[in-house]
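K.L.:
Dropping the structure in here first, questions after.
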Amino acid sequence: MAFPLSAPVWAQQQPGADAPEGGTGRALSTVTVTGGQPTSLPAQIPTTIEGVTREQIAETVNATDAEDALKYLPSLVVRKRYIGDFNHAVLATRASGTGNSARSMVYADGIMLSNPLGNGATYAPRWGMVSPEEIERVDVLYGPFSAAYPGNSVGAVVDYVTRMPTQLEAHVKLSGFASNFDQYGSHSSPAGNQLDLSLGSRSGDWSWWLSASRTHSKGQALVFGNRLLSAGTLGNAGAPVTGAVLGLNPSNQPWWLVGGSTIYDTTQEQAKLKVAYDFSPTLRATYTLGAWNNTTHGGVDTYLRNAFGQPVYSGRVNIAGRTYNLDAPSAALVPTETALTHYMHGLSVKSHTGGVFDWEVAASLFDYSSDTSRTPTTPLPGAFNGGPGRTTDMGGSGWNTFKAAGTWRPTGSAEGVGAHVVDFGFQQDTARLRTSVGNTLDWINGSPVTPFSAFNGNTRLQSLYVQDTWRFAKDWKTTLGLRHERWEAYGGQLGNAARLLDFAPRKNSYDSPKAAVAWQATPDWLFKASTGRAVRMPTVSELYQGSIDGNRIVNTNPNLRPERSWTTELTAERDLKGWGLDGMLRTTLFFENTKDALYSQALNNLVNTVQNVDAIRTRGLEVALNAVDVGVKGFDLSGSLTLTNSKITANSGFPASVGREQPRVPKVRASLLATYRPDAKWSYTVGMRYSGKQFGSLDNSDPNGFAYMGFSKFFVVDARIRYRIDRQWSAAFGIDNLNNNKYWAFHPYPQRTYVAELKFDL
């Protein structure tokens with residue numbers, strides 16, 4: 001597999017991979033990595049692909065979740081609120097914020113982990129289906145420049161390549177983590193542990209891999225009950241209480257913080273079986289079965305105390321001479337219970353001759369076997385012991401994919417002047433959303449007894465694509481591609497306690513052209529340009545929102561238009577040999593124009609729903625540096641700087657947002673990672689991550705990012721020390737957020753966290 005470097009993989013380069021003819025410098029367009037499985041990304045396309053290897057992750061990252069592998073890659077941010085975050089860890093990319101989960105795609109060995117059921121924090125990729133210990137490599141394709149991916153690739157495509165053994169091997173890793181959290185009136189010590197086990201081997205034509213992991217994690221308060229100071233009624237009514245914390249909300253309005261909730265105590269178990277059979281040296285069949293189980297208790301912690309020093313959770317209270325109702329318009333403090341079991345299946349048959357023709361047939365299924373969350377409807381503290389409440393059941397939801405693809409090399413090779421690599425295929429992606437909310441007499445353990453609401457729907461995307469990568473001259477390569485998509489939404493339903501109403505089905509077709517070109521100007525300089533159209537279809541949850549008024553569905557727009565983006569990047573890559581360094585410097589200008597962006601905004605004075613934002617324009621610069629043995633042998637340095645200007649240029653539905661910054665897309669992102677290996681046993685790493693000021697609202701009316709529901713800038717320092725005790729044993733100790741920065745993305749991020757690991761490899 002070949003891909004441009006994002007960390008020091010230079011030592012693994014082999015000659016002959018896109019090397020400039022007659023030159024003595026290192027080719028910058030691709031790097032061949034030996035061993036392991038091939039990526040599913042179209043690595044021959046001359047555009048930006050970054051990656052990180054298993055060994056680099058082990059040396060440099062305190063990786064407790066699969067998404068941690070992306071921590072230092074250019075322009076990427078994962079909104080991970082605590083270790084084991086299963087429902088809000090959304091990926092942000094160059095021109096997309098952490099509220100746009102549908103603008104990036106995540107795969108594991110080609111099996112889709114992205115959640116196509118919706119867009120936003122609660123539709124994060126299913127990271128839990130990949131354990132950090134099974135990762136062989138992670139590759140990232142920036143932008144919608146491959147015809148092999150749908151419009152959700154407009155931000156990035158992430159592919160996790162996981163382990164497949166060539167001989168008997170076994171691994172055991174035990175990790176522990178602990179931190180402190182202090183915010184408002186919440187003071188806690190989030191902590192947990194993790195156990196990873198894996199075993200695999202190869203015998204003849206068969207190879208197999210079995211892995212399991214268990215994570216128990218206690219997080220910090222994520223939600224803070226509040227009441228605006230101005231909402232209180234002057235007087236002596238209500239029970240006098242103390243302990244409320246006075247602060248400012250994101251709009252700089254004074255408010256009282258009355259307690260913390262969604263304090264997750266979560267246990268996650270993951271197991272995976274992979275079996276491969278080689279029909280021949282160039283034809284392999286692979287089956288993957290993954291299971292993920294999650295049980296979570298969301299606790300509450302009230303700050304309020306009555307005259308007897310007893311905790312107060314609900315009712316009418318008096319704070320500093322003003323009366324507030326903690327139960328209306330909604331409860332300030334609510335506990336939750338969640339129990340999820342999801343399964344993943346993947347089957348592929350793939351040839352890899354590298355000759356005139358290769359082909360692949362693959363299918364995958366992600367199934368919400370059971371998925372239930374519970375909340376009380378009766379006031380606390382009585383609800384701690386049960387009582388009436390509601391259950392939300394998403395069992396039966398999920399998605400499935402099918403792909404039949406081929407690669408044709410008319411000259412029998414991808415190299416040499418005149419060589420072509422033609423990729424083509426058919427794909428079908430189907431998403432199924434089933435949500436049933438019911439009333440129960442026991443919110444902790446009871447079954448629903450009467451319906452409260454329902455929310456169902458399906459989408460299907462059928463695609464044909466073709467792209468040709470052509471080396472038309474000695475130092476030139478180009479790719480031209482076209483993707484045709486037929487999209488339909490059907491089976492949409494919205495229900496309340498009395499009735500279930502249907503939405504009309506929809507069908508549309510779209511075409512998305514792609515183009516890229518690369519020029520090896522000198523042995524030291526490579527220039528690339530890429531452009532492509534992406535059509536991001538509305539998800540089920542975006543289409544079928546709303547409410548029922550009589551016999552009509554209102555407050556929704558089932559005719560949402562898809563997002564249509566044109567994205568372009570211009571890149572210059574420089575081999576640093578001429579500057580006395582072993583590494584590469586990449587500079588990329590990127591441009592994106594999006595029409596009909598999908599965002600939630602006010603439909604009227606009382607209702608917000610997803611609507612089309614007419615136009616968003618983004619311009620930016622990304623600089624990435626990777627170098628090894630900088631100054632002294634064993635000292636590696638990598639880093640990136642991203643400057644972005646993303647503005648709403650037209651929005652007929654909300655004119656006040658025109659000229660404002662796109663939500664959650666900061667003007668500056670940066671990272672720096674330094675690793676020193678004085679010998680074969682020790683490695684020392686310091687990493688730094690920075691993100692500038694950002695807004696959460698379309699009209700940027702939330703300037704105070706350092707508050708609950710705010711979006712703040714941050715600067716975080718991480719550290720890690722790894723020691724190879726011998727060939728089989730290793731240990732590591734790390735600190736994330738060493739400087740204990742208190743920062744926000746609606747919810748608070750973790751504060752200083754200590755991680756310790758002990759690992760055995762057979």
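Chain lettering (A, B, ...) mirrors the order of the structure tokens, residue numbering begins at 1 for each chain separately, and ligand numbering begins at 1 in order of display.
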Tell me, as a VMD selection string, which residues lie within 9 Å of Ala756 of chain A, counting only C-alpha atoms; anything in the same chain fewer than 5 positions away does not count.

P.N.:
chain A and resid 62 174 to 177 731 to 735

K.L.:
Any idea what's packed within 8 Å of Ser189 of chain A, counting only C-alpha atoms, ignoring anything in its chain fewer than 6 positions away? Could you give it as a list in words?

P.N.:
Ala178, Ser179, Asn180, Phe181 and Gln220 of chain A

K.L.:
Report the closest atom pair, with its distance in Å rounded to one decimal, for each residue of segment 567-601 of chain A that has an atom no farther than 9 Å from segment 143-166 of chain A; count only C-alpha atoms, sort by chain and then rising residue number, and write it as CSV.

P.N.:
residue,atom,partner,partner_atom,distance
A:Thr567,CA,A:Gly143,CA,7.1
A:Thr568,CA,A:Gly143,CA,8.2
A:Glu569,CA,A:Gly143,CA,8.5

K.L.:
Okay, now the selection with N, CA, C and O atoms, as a PDB file, in the first residue's frame?

P.N.:
ATOM      1  N   THR A 567     -15.257  21.029  -3.854  1.00  0.00           N
ATOM      2  CA  THR A 567     -14.058  21.145  -3.030  1.00  0.00           C
ATOM      3  C   THR A 567     -12.829  21.051  -3.913  1.00  0.00           C
ATOM      4  O   THR A 567     -12.763  20.201  -4.809  1.00  0.00           O
ATOM      5  N   THR A 568     -11.849  21.918  -3.654  1.00  0.00           N
ATOM      6  CA  THR A 568     -10.606  21.949  -4.423  1.00  0.00           C
ATOM      7  C   THR A 568      -9.437  22.081  -3.467  1.00  0.00           C
ATOM      8  O   THR A 568      -9.535  22.780  -2.448  1.00  0.00           O
ATOM      9  N   GLU A 569      -8.344  21.405  -3.769  1.00  0.00           N
ATOM     10  CA  GLU A 569      -7.117  21.616  -3.009  1.00  0.00           C
ATOM     11  C   GLU A 569      -5.928  21.686  -3.960  1.00  0.00           C
ATOM     12  O   GLU A 569      -5.879  20.999  -4.984  1.00  0.00           O
TER      13      GLU A 569
END

K.L.:
Could the residues of segment 389-423 of chain A that have an atom at most 6 Å from segment 432-453 of chain A be listed as a tab-separated table, each with its closest atom pair and the distance in Å to one decimal, counting only C-alpha atoms and ordered by chain and ascending residue number?

P.N.:
residue	atom	partner	partner_atom	distance
A:Gly389	CA	A:Trp443	CA	4.5
A:Arg390	CA	A:Asn439	CA	4.6
A:Thr391	CA	A:Gly438	CA	5.4
A:Thr392	CA	A:Val437	CA	4.4
A:Asp393	CA	A:Ser436	CA	5.1
A:Met394	CA	A:Thr435	CA	4.6
A:Ser397	CA	A:Leu433	CA	4.6
A:Gly398	CA	A:Arg432	CA	5.3
A:Trp399	CA	A:Arg432	CA	5.9

K.L.:
Produce a file of the selected residues containing N, CA, C and O atoms, as a CSV table (one decimal), in the first residue's frame.

P.N.:
chain,number,residue,atom,x,y,z
A,389,GLY,N,-41.7,6.7,33.9
A,389,GLY,CA,-40.7,7.3,33.1
A,389,GLY,C,-41.0,6.9,31.6
A,389,GLY,O,-42.1,6.5,31.2
A,390,ARG,N,-39.9,7.1,30.8
A,390,ARG,CA,-40.0,6.7,29.4
A,390,ARG,C,-38.9,5.9,28.9
A,390,ARG,O,-37.7,6.1,29.4
A,391,THR,N,-39.1,5.0,28.0
A,391,THR,CA,-38.1,4.2,27.3
A,391,THR,C,-38.0,4.6,25.9
A,391,THR,O,-39.0,4.9,25.2
A,392,THR,N,-36.8,4.7,25.4
A,392,THR,CA,-36.5,4.9,23.9
A,392,THR,C,-35.8,3.7,23.4
A,392,THR,O,-34.7,3.4,23.8
A,393,ASP,N,-36.5,3.0,22.5
A,393,ASP,CA,-36.0,1.8,21.9
A,393,ASP,C,-35.7,2.0,20.4
A,393,ASP,O,-36.5,2.3,19.6
A,394,MET,N,-34.4,1.8,20.1
A,394,MET,CA,-33.9,1.9,18.7
A,394,MET,C,-33.6,0.5,18.1
A,394,MET,O,-32.9,0.4,17.1
A,397,SER,N,-32.8,-0.8,14.3
A,397,SER,CA,-32.1,0.2,13.4
A,397,SER,C,-30.8,-0.4,13.0
A,397,SER,O,-30.3,-1.4,13.5
A,398,GLY,N,-30.2,0.2,11.9
A,398,GLY,CA,-28.9,-0.2,11.5
A,398,GLY,C,-28.7,0.1,10.0
A,398,GLY,O,-29.5,0.9,9.4
A,399,TRP,N,-27.7,-0.5,9.4
A,399,TRP,CA,-27.4,-0.2,8.0
A,399,TRP,C,-26.7,-1.4,7.4
A,399,TRP,O,-26.1,-2.2,8.0

K.L.:
Extract, using only C-alpha atoms, all DNA, RNA and protein residues at most 10 Å from Ser730 of chain A, discarding same-chain residues fewer than 5 positions from it, and format them as a PyMOL selection string.

P.N.:
chain A and resi 173+681-682+722-725+757-761

K.L.:
To test your reading of the structure, identify every residue in segment 59-147 of chain A that backbone DSSP assigns to helix (DSSP H, G or I), and report it as a PDB file with N, CA, C and O atoms, in the first residue's frame.

P.N.:
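Saved as part.pdb:
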ATOM      1  N   GLU A  59       3.788   4.259  20.475  1.00  0.00           N
ATOM      2  CA  GLU A  59       4.848   5.102  21.027  1.00  0.00           C
ATOM      3  C   GLU A  59       4.359   6.484  21.433  1.00  0.00           C
ATOM      4  O   GLU A  59       4.859   7.061  22.402  1.00  0.00           O
ATOM      5  N   THR A  60       3.396   7.041  20.710  1.00  0.00           N
ATOM      6  CA  THR A  60       3.122   8.474  20.842  1.00  0.00           C
ATOM      7  C   THR A  60       1.761   8.833  21.411  1.00  0.00           C
ATOM      8  O   THR A  60       1.560   9.985  21.808  1.00  0.00           O
ATOM      9  N   ALA A  66     -10.447   3.862  19.919  1.00  0.00           N
ATOM     10  CA  ALA A  66      -9.945   3.808  18.544  1.00  0.00           C
ATOM     11  C   ALA A  66      -9.749   5.188  17.953  1.00  0.00           C
ATOM     12  O   ALA A  66      -8.806   5.437  17.190  1.00  0.00           O
ATOM     13  N   GLU A  67     -10.634   6.143  18.292  1.00  0.00           N
ATOM     14  CA  GLU A  67     -10.536   7.480  17.713  1.00  0.00           C
ATOM     15  C   GLU A  67      -9.297   8.233  18.149  1.00  0.00           C
ATOM     16  O   GLU A  67      -8.898   9.229  17.522  1.00  0.00           O
ATOM     17  N   ASP A  68      -8.631   7.780  19.235  1.00  0.00           N
ATOM     18  CA  ASP A  68      -7.415   8.451  19.691  1.00  0.00           C
ATOM     19  C   ASP A  68      -6.297   8.379  18.657  1.00  0.00           C
ATOM     20  O   ASP A  68      -5.377   9.196  18.672  1.00  0.00           O
ATOM     21  N   ALA A  69      -6.357   7.397  17.760  1.00  0.00           N
ATOM     22  CA  ALA A  69      -5.339   7.275  16.723  1.00  0.00           C
ATOM     23  C   ALA A  69      -5.312   8.485  15.805  1.00  0.00           C
ATOM     24  O   ALA A  69      -4.295   8.762  15.143  1.00  0.00           O
ATOM     25  N   LEU A  70      -6.402   9.265  15.752  1.00  0.00           N
ATOM     26  CA  LEU A  70      -6.492  10.426  14.862  1.00  0.00           C
ATOM     27  C   LEU A  70      -6.030  11.708  15.539  1.00  0.00           C
ATOM     28  O   LEU A  70      -6.060  12.777  14.928  1.00  0.00           O
ATOM     29  N   SER A 101     -21.430  15.164  11.735  1.00  0.00           N
ATOM     30  CA  SER A 101     -20.932  13.794  11.643  1.00  0.00           C
ATOM     31  C   SER A 101     -21.152  13.190  10.264  1.00  0.00           C
ATOM     32  O   SER A 101     -20.415  12.289   9.851  1.00  0.00           O
ATOM     33  N   ALA A 102     -22.162  13.664   9.526  1.00  0.00           N
ATOM     34  CA  ALA A 102     -22.482  13.081   8.219  1.00  0.00           C
ATOM     35  C   ALA A 102     -21.557  13.576   7.113  1.00  0.00           C
ATOM     36  O   ALA A 102     -21.725  13.179   5.959  1.00  0.00           O
ATOM     37  N   ARG A 103     -20.592  14.440   7.451  1.00  0.00           N
ATOM     38  CA  ARG A 103     -19.665  14.955   6.443  1.00  0.00           C
ATOM     39  C   ARG A 103     -18.291  14.297   6.528  1.00  0.00           C
ATOM     40  O   ARG A 103     -17.290  14.862   6.086  1.00  0.00           O
ATOM     41  N   ALA A 121     -24.158  15.195  17.000  1.00  0.00           N
ATOM     42  CA  ALA A 121     -23.402  14.567  18.076  1.00  0.00           C
ATOM     43  C   ALA A 121     -23.887  13.169  18.414  1.00  0.00           C
ATOM     44  O   ALA A 121     -23.098  12.286  18.749  1.00  0.00           O
ATOM     45  N   THR A 122     -25.185  12.929  18.353  1.00  0.00           N
ATOM     46  CA  THR A 122     -25.708  11.627  18.758  1.00  0.00           C
ATOM     47  C   THR A 122     -25.595  10.576  17.657  1.00  0.00           C
ATOM     48  O   THR A 122     -26.047   9.443  17.845  1.00  0.00           O
ATOM     49  N   TYR A 123     -24.994  10.933  16.530  1.00  0.00           N
ATOM     50  CA  TYR A 123     -24.796   9.978  15.442  1.00  0.00           C
ATOM     51  C   TYR A 123     -23.308   9.844  15.131  1.00  0.00           C
ATOM     52  O   TYR A 123     -22.876   9.894  13.983  1.00  0.00           O
ATOM     53  N   TRP A 127     -17.132   3.848  16.979  1.00  0.00           N
ATOM     54  CA  TRP A 127     -15.725   3.620  17.302  1.00  0.00           C
ATOM     55  C   TRP A 127     -15.528   2.366  18.143  1.00  0.00           C
ATOM     56  O   TRP A 127     -14.476   1.711  18.062  1.00  0.00           O
ATOM     57  N   GLY A 128     -16.501   2.041  18.992  1.00  0.00           N
ATOM     58  CA  GLY A 128     -16.350   0.916  19.906  1.00  0.00           C
ATOM     59  C   GLY A 128     -16.164  -0.421  19.227  1.00  0.00           C
ATOM     60  O   GLY A 128     -15.770  -1.397  19.875  1.00  0.00           O
ATOM     61  N   MET A 129     -16.434  -0.502  17.925  1.00  0.00           N
ATOM     62  CA  MET A 129     -16.249  -1.751  17.201  1.00  0.00           C
ATOM     63  C   MET A 129     -14.786  -2.019  16.862  1.00  0.00           C
ATOM     64  O   MET A 129     -14.454  -3.078  16.315  1.00  0.00           O
ATOM     65  N   PRO A 132      -8.208  -0.253  20.197  1.00  0.00           N
ATOM     66  CA  PRO A 132      -6.904   0.317  19.805  1.00  0.00           C
ATOM     67  C   PRO A 132      -5.836  -0.747  19.569  1.00  0.00           C
ATOM     68  O   PRO A 132      -4.957  -0.568  18.723  1.00  0.00           O
ATOM     69  N   GLU A 133      -5.932  -1.870  20.284  1.00  0.00           N
ATOM     70  CA  GLU A 133      -4.900  -2.899  20.183  1.00  0.00           C
ATOM     71  C   GLU A 133      -4.950  -3.678  18.876  1.00  0.00           C
ATOM     72  O   GLU A 133      -3.958  -4.304  18.498  1.00  0.00           O
ATOM     73  N   GLU A 134      -6.065  -3.664  18.172  1.00  0.00           N
ATOM     74  CA  GLU A 134      -6.142  -4.425  16.923  1.00  0.00           C
ATOM     75  C   GLU A 134      -5.797  -3.583  15.705  1.00  0.00           C
ATOM     76  O   GLU A 134      -5.780  -4.078  14.582  1.00  0.00           O
TER      77      GLU A 134
END

K.L.:
Rank A:Tyr490, A:Trp525, A:Phe384, A:Phe455 by their smallest atom-to-atom distance to Ile548 of chain A, using only C-alpha atoms, and report the top residue only.

P.N.:
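Once distances to Ile548 of chain A are computed over only C-alpha atoms, the minimum belongs to A:Phe455.
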
K.L.:
What is the atom CA of Asp736 of chain A-atom CA of Ile83 of chain A distance in Å, reported with one decimal?

P.N.:
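Taking atom CA of Asp736 of chain A as the start and atom CA of Ile83 of chain A as the end point, the length is 11.4 Å.
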
K.L.:
Give me the residues within 9 Å of Tyr510 of chain A as a VMD selection string, counting only C-alpha atoms and dropping any in the same chain fewer than 5 places off.

P.N.:
chain A and resid 483 to 487 535

K.L.:
Atom CA of Phe472 of chain A and atom CA of Thr571 of chain A are how many Å apart?

P.N.:
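Answer for the atom CA of Phe472 of chain A to atom CA of Thr571 of chain A separation: 19.6 Å.
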
K.L.:
For Thr336 of chain A, please output as an MDAnalysis selection string all residues within 7 Å (counting only C-alpha atoms; exclusion window: fewer than 5 positions along the same chain).

P.N.:
chainID A and resid 297:299 374:375

K.L.:
From the list A:Ser671, A:Thr588, A:Ala239, A:Ala212, which residue is nearest Ile49 of chain A when using only C-alpha atoms?

P.N.:
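Under the stated criterion, the closest residue is A:Thr588.
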
K.L.:
Any idea what's packed within 7 Å of segment 558-563 of chain A, counting only C-alpha atoms, ignoring anything in its chain fewer than 6 positions away? Could you give it as a list in words?

P.N.:
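The neighbour list is Val535, Arg536, Met537, Pro538, Leu543, Tyr544, Thr594, Lys595, Asp596, Ala597, Leu598, Gln611 and Asn612 of chain A.
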
K.L.:
Would you mind listing what lies within 7 Å of Thr262 of chain A as a list in words, with only C-alpha atoms counted and same-chain residues fewer than 3 positions away left out?

P.N.:
Ala221, Leu222, Val223, Gly298, Gly299, Val300 and Pro335 of chain A

K.L.:
Find the distance between atom CA of Arg720 of chain A and atom CA of Thr215 of chain A and write it in Å to one decimal.

P.N.:
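Atom-to-atom, atom CA of Arg720 of chain A to atom CA of Thr215 of chain A, that is 20.6 Å.
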
K.L.:
Find the residue from A:Ile721, A:Ile553, A:Ala518, A:Leu461 that sits nearest to Thr478 of chain A; use only C-alpha atoms when measuring.

P.N.:
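The shortest atom-to-atom distance to Thr478 of chain A comes from A:Ala518.
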
K.L.:
Please extract the residues of segment 186-257 of chain A with a backbone DSSP assignment of strand (DSSP E or B) and present them as a ChimeraX atom specification.

P.N.:
/A:186-188,191-203,206-218,223-228,233-234,239-240,242,245-248,254-257

K.L.:
Which residue out of A:Arg664, A:Arg677, A:Arg499, A:Arg574 has the minimum interatomic distance to Gly705 of chain A when only C-alpha atoms are used?

P.N.:
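Closest to Gly705 of chain A, using only C-alpha atoms: A:Arg664.
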